[in-house]
file final12.cif (mmCIF, C-alpha atoms)
data_query
#
loop_
_atom_site.label_atom_id
_atom_site.label_comp_id
_atom_site.auth_asym_id
_atom_site.auth_seq_id
_atom_site.Cartn_x
_atom_site.Cartn_y
_atom_site.Cartn_z
CA MET G 140 127.29 92.25 59.19
CA PHE G 141 124.99 95.19 59.81
CA ASP G 142 126.06 97.25 62.83
CA GLU G 143 123.05 99.37 63.77
CA ALA G 144 125.03 101.62 66.11
CA ARG G 145 127.33 102.57 63.25
CA TYR G 146 124.45 103.42 60.95
CA THR G 147 122.43 105.63 63.22
CA ALA G 148 123.20 109.26 63.92
CA VAL G 149 121.26 111.35 66.35
CA MET G 150 121.13 114.96 65.22
CA GLY G 151 119.50 117.38 67.59
CA VAL G 152 115.95 116.09 67.78
CA GLY G 153 115.67 113.76 64.79
CA THR G 154 117.27 110.41 64.10
CA TYR G 155 118.65 109.58 60.69
CA ALA G 156 119.61 106.09 59.52
CA LEU G 157 122.63 105.63 57.30
CA SER G 158 122.50 103.29 54.37
CA PRO G 159 124.47 100.03 54.40
CA ARG G 160 126.75 101.53 51.74
CA ALA G 161 128.82 103.01 54.58
CA GLY G 162 131.51 100.41 54.02
CA LEU G 163 132.73 102.30 50.95
CA ALA G 164 136.33 103.45 51.05
CA THR G 165 135.38 107.09 50.64
CA PRO G 166 136.40 109.57 53.28
CA SER G 167 133.67 110.96 55.42
CA GLY G 168 133.44 112.96 58.56
CA GLU G 169 132.42 112.14 62.05
CA LEU G 170 128.79 112.35 63.02
CA ARG G 171 128.48 114.55 66.06
CA ARG G 172 125.48 115.79 68.00
CA PRO G 173 125.25 119.52 67.27
CA VAL G 174 124.06 120.35 70.77
CA ALA G 175 126.91 118.29 72.26
CA VAL G 176 129.41 120.25 70.14
CA TRP G 177 127.98 123.47 71.54
CA LEU G 178 127.87 122.22 75.15
CA LEU G 179 131.44 120.91 75.03
CA GLY G 180 132.54 124.29 73.72
CA VAL G 181 130.83 126.05 76.61
CA ALA G 182 132.24 123.58 79.16
CA THR G 183 135.80 124.07 77.89
CA LEU G 184 135.51 127.86 77.51
CA GLY G 185 135.74 127.60 73.73
CA LEU G 186 138.74 125.28 73.46
CA TYR G 187 136.66 122.40 72.15
CA TRP G 188 135.20 124.68 69.48
CA LEU G 189 138.69 125.34 68.13
CA LEU G 190 139.42 121.62 68.02
CA TRP G 191 136.03 120.99 66.39
CA TYR G 192 136.63 123.77 63.85
CA TYR G 193 139.97 122.25 62.88
CA ARG G 194 138.46 118.78 62.51
CA ALA G 195 135.43 120.03 60.56
CA ASN G 196 137.62 121.84 58.04
CA GLN G 197 139.97 118.86 57.82
CA GLU G 198 137.05 116.52 57.13
CA LEU G 199 135.74 118.85 54.43
CA ARG G 200 139.16 118.98 52.77
CA ASP G 201 139.47 115.19 52.89
CA PHE G 202 135.91 114.70 51.61
CA ASP G 203 136.31 116.68 48.40
CA PRO G 204 139.68 117.42 46.77
CA GLU G 205 138.17 120.56 45.23
CA ILE G 206 137.66 122.05 48.70
CA LYS G 207 140.84 123.94 49.42
CA VAL G 208 141.38 124.77 53.08
CA ARG G 209 144.20 124.76 55.57
CA PRO G 210 142.50 123.73 58.82
CA ALA G 211 145.21 125.21 61.05
CA LEU G 212 144.99 128.55 59.25
CA ALA G 213 141.19 128.51 59.58
CA VAL G 214 141.53 127.98 63.35
CA LEU G 215 144.12 130.73 63.60
CA ALA G 216 141.78 133.12 61.80
CA VAL G 217 138.90 132.49 64.21
CA SER G 218 141.27 132.52 67.20
CA VAL G 219 142.34 136.09 66.57
CA GLY G 220 138.72 137.15 66.09
CA ALA G 221 138.67 139.03 69.40
CA ILE G 222 141.54 141.21 68.18
CA VAL G 223 141.05 141.33 64.41
CA VAL G 224 137.48 140.62 63.36
CA ILE G 225 137.84 140.44 59.55
CA PRO G 226 139.82 137.14 59.37
CA ALA G 227 137.40 135.46 61.77
CA VAL G 228 134.36 136.56 59.80
CA ALA G 229 135.98 135.50 56.53
CA SER G 230 136.91 132.10 57.95
CA LEU G 231 133.43 131.45 59.34
CA TYR G 232 131.83 132.56 56.07
CA ASN G 233 134.16 130.41 53.96
CA THR G 234 133.56 127.36 56.13
CA GLY G 235 129.81 127.74 55.55
CA CYS G 236 130.47 127.91 51.81
CA ARG G 237 132.66 124.79 52.02
CA ILE G 238 129.89 122.91 53.81
CA ALA G 239 127.39 123.95 51.11
CA GLN G 240 129.87 122.75 48.47
CA ALA G 241 130.20 119.40 50.27
CA GLN G 242 126.41 119.15 50.47
CA ARG G 243 126.15 119.61 46.71
CA ARG G 244 128.95 117.08 46.17
CA ALA G 245 127.00 114.55 48.29
CA GLY G 246 123.92 115.08 46.11
CA LEU G 247 122.08 117.42 48.47
CA HIS G 248 120.97 120.99 48.10
CA GLY G 249 123.62 123.38 49.42
CA THR G 250 121.58 124.66 52.34
CA ALA G 251 124.44 125.70 54.63
CA SER G 252 124.97 129.44 54.55
CA GLY G 253 128.15 131.28 55.39
CA LEU G 254 126.13 134.40 56.19
CA THR G 255 123.94 132.48 58.61
CA GLY G 256 127.04 130.96 60.18
CA VAL G 257 128.56 134.39 60.71
CA GLY G 258 125.31 135.74 62.13
CA LEU G 259 124.97 132.82 64.51
CA GLY G 260 128.58 133.39 65.54
CA LEU G 261 127.44 136.46 67.43
CA ALA G 262 125.39 134.16 69.67
CA GLY G 263 127.99 131.38 69.72
CA LEU G 264 125.74 129.00 67.79
CA THR G 265 127.80 128.57 64.63
CA PRO G 266 129.28 125.17 65.65
CA CYS G 267 125.79 123.79 66.30
CA TYR G 268 124.50 125.07 62.95
CA TYR G 269 127.49 123.92 60.93
CA GLN G 270 127.63 120.47 62.55
CA ALA G 271 123.97 119.84 61.75
CA HIS G 272 124.73 120.57 58.09
CA LEU G 273 127.92 118.49 58.14
CA ASN G 274 125.95 115.55 59.53
CA GLN G 275 123.66 115.77 56.51
CA VAL G 276 126.70 115.40 54.25
CA TRP G 277 128.09 112.42 56.15
CA VAL G 278 124.70 110.68 56.25
CA ALA G 279 124.09 111.27 52.52
CA ARG G 280 127.59 110.17 51.60
CA ASN G 281 127.40 106.94 53.54
#
call {"tool": "encode", "arguments": {"input": "final12.cif", "output": "structure tokens"}}
result
Amino acid sequence: MFDEARYTAVMGVGTYALSPRAGLATPSGELRRPVAVWLLGVATLGLYWLLWYYRANQELRDFDPEIKVRPALAVLAVSVGAIVVIPAVASLYNTGCRIAQAQRRAGLHGTASGLTGVGLGLAGLTPCYYQAHLNQVWVARN
């Protein structure tokens, strides 16, 4: 039976319909509203962003066995970013590269950019940017 709520994802402004192939037994990530990810991070003083970052990296790892990442280590790297900047920048950059790799694996162009993610990190917009690109992967995969 077709469940319309399951097959519709609202991303920022646009709405994207998933195909009925979503019943496949392939792992995919959770569709999240990018603006909601950002707002929840602000409301929780950044704690939600850490949880989101862990889950995003975990979903990428589960999506493609060629994507090698330890989600807890990625979160630790961005957590110490206020003290030691280099691990945080490297982690943000690598996550953008992982998302681009997942996009290519899902048959899309790898439009996510680690450099853009790092740059948007200065304004706190990286989660919003990365989630929008992750949603493209999950929609294409399903």
call {"tool": "atom_distance", "arguments": {"input": "final12.cif", "atom1": "atom CA of G:Leu259", "atom2": "atom CA of G:Arg172"}}
result
17.4 Å
call {"tool": "atom_distance", "arguments": {"input": "final12.cif", "atom1": "atom CA of G:Gln270", "atom2": "atom CA of G:Leu170"}}
result
8.2 Å
call {"tool": "residues_around", "arguments": {"input": "final12.cif", "residues": "G:His248", "least_positions_apart": "6", "cutoff": "12 Å", "atoms": "all atoms listed in the file", "output": "list of chain:residue names"}}
result
G:Ile238, G:Ala239, G:Gln240, G:Ala241, G:Gln242, G:His272, G:Gln275, G:Val276, G:Ala279
call {"tool": "atom_distance", "arguments": {"input": "final12.cif", "atom1": "atom CA of G:Gly260", "atom2": "atom CA of G:Gly246"}}
result
27.1 Å
call {"tool": "residues_around", "arguments": {"input": "final12.cif", "residues": "G:Ser218", "least_positions_apart": "3", "cutoff": "8 Å", "atoms": "all atoms listed in the file", "output": "list in words"}}
result
Leu189, Val214, Leu215, Ala221 and Ala227 of chain G
call {"tool": "residues_around", "arguments": {"input": "final12.cif", "residues": "stretch 194-202 of chain G", "least_positions_apart": "3", "cutoff": "7 Å", "atoms": "all atoms listed in the file", "output": "list in words"}}
result
Pro166, Ser167, Gly168, Leu190, Trp191, Ile206, Lys207, Val208, Pro210 and Ala241 of chain G
call {"tool": "write_last_selection", "arguments": {"input": "final12.cif", "atoms": "C-alpha atoms", "output": "mmCIF file, in the coordinates of the input"}}
result
data_model
loop_
_atom_site.group_PDB
_atom_site.id
_atom_site.type_symbol
_atom_site.label_atom_id
_atom_site.label_comp_id
_atom_site.auth_asym_id
_atom_site.auth_seq_id
_atom_site.Cartn_x
_atom_site.Cartn_y
_atom_site.Cartn_z
ATOM 1 C CA PRO G 166 136.400 109.570 53.280
ATOM 2 C CA SER G 167 133.670 110.960 55.420
ATOM 3 C CA GLY G 168 133.440 112.960 58.560
ATOM 4 C CA LEU G 190 139.420 121.620 68.020
ATOM 5 C CA TRP G 191 136.030 120.990 66.390
ATOM 6 C CA ILE G 206 137.660 122.050 48.700
ATOM 7 C CA LYS G 207 140.840 123.940 49.420
ATOM 8 C CA VAL G 208 141.380 124.770 53.080
ATOM 9 C CA PRO G 210 142.500 123.730 58.820
ATOM 10 C CA ALA G 241 130.200 119.400 50.270
#
call {"tool": "closest_residue", "arguments": {"input": "final12.cif", "among": "G:Cys236, G:Leu273, G:Arg243, G:Leu231", "to": "G:Gly256", "atoms": "all atoms listed in the file"}}
result
G:Leu231
call {"tool": "resolve_selection", "arguments": {"input": "final12.cif", "expression": "the PyMOL selection byres ((chain G and resi 173) around 8)", "output": "CSV table (one decimal) with C-alpha atoms, keeping the file's coordinate frame"}}
result
chain,number,residue,atom,x,y,z
G,150,MET,CA,121.1,115.0,65.2
G,151,GLY,CA,119.5,117.4,67.6
G,171,ARG,CA,128.5,114.6,66.1
G,172,ARG,CA,125.5,115.8,68.0
G,174,VAL,CA,124.1,120.4,70.8
G,175,ALA,CA,126.9,118.3,72.3
G,176,VAL,CA,129.4,120.2,70.1
G,177,TRP,CA,128.0,123.5,71.5
G,266,PRO,CA,129.3,125.2,65.6
G,267,CYS,CA,125.8,123.8,66.3
G,268,TYR,CA,124.5,125.1,63.0
G,270,GLN,CA,127.6,120.5,62.6
G,271,ALA,CA,124.0,119.8,61.8
call {"tool": "axis_aligned_box", "arguments": {"input": "final12.cif", "around": "stretch 262-275 of chain G", "padding_each_side": "4 Å", "output": "JSON"}}
result
{"center_x": 126.5, "center_y": 124.9, "center_z": 63.1, "size_x": 13.6, "size_y": 26.6, "size_z": 21.2}
call {"tool": "residues_near_point", "arguments": {"input": "final12.cif", "point": "(134.9, 134.3, 59.4)", "cutoff": "10 Å", "atoms": "all atoms listed in the file", "output": "list in words"}}
result
Ala213, Val214, Ala216, Val217, Gly220, Val224, Ile225, Pro226, Ala227, Val228, Ala229, Ser230, Leu231, Tyr232, Asn233, Thr234, Gly235, Gly253, Leu254, Gly256, Val257 and Gly260 of chain G
call {"tool": "closest_residue", "arguments": {"input": "final12.cif", "among": "G:Val278, G:Leu186, G:Ile222, G:Ala211", "to": "G:Leu247", "atoms": "all atoms listed in the file"}}
result
G:Val278
call {"tool": "closest_residue", "arguments": {"input": "final12.cif", "among": "G:Gly263, G:Val223, G:Arg244, G:Leu179", "to": "G:Pro204", "atoms": "only C-alpha atoms"}}
result
G:Arg244
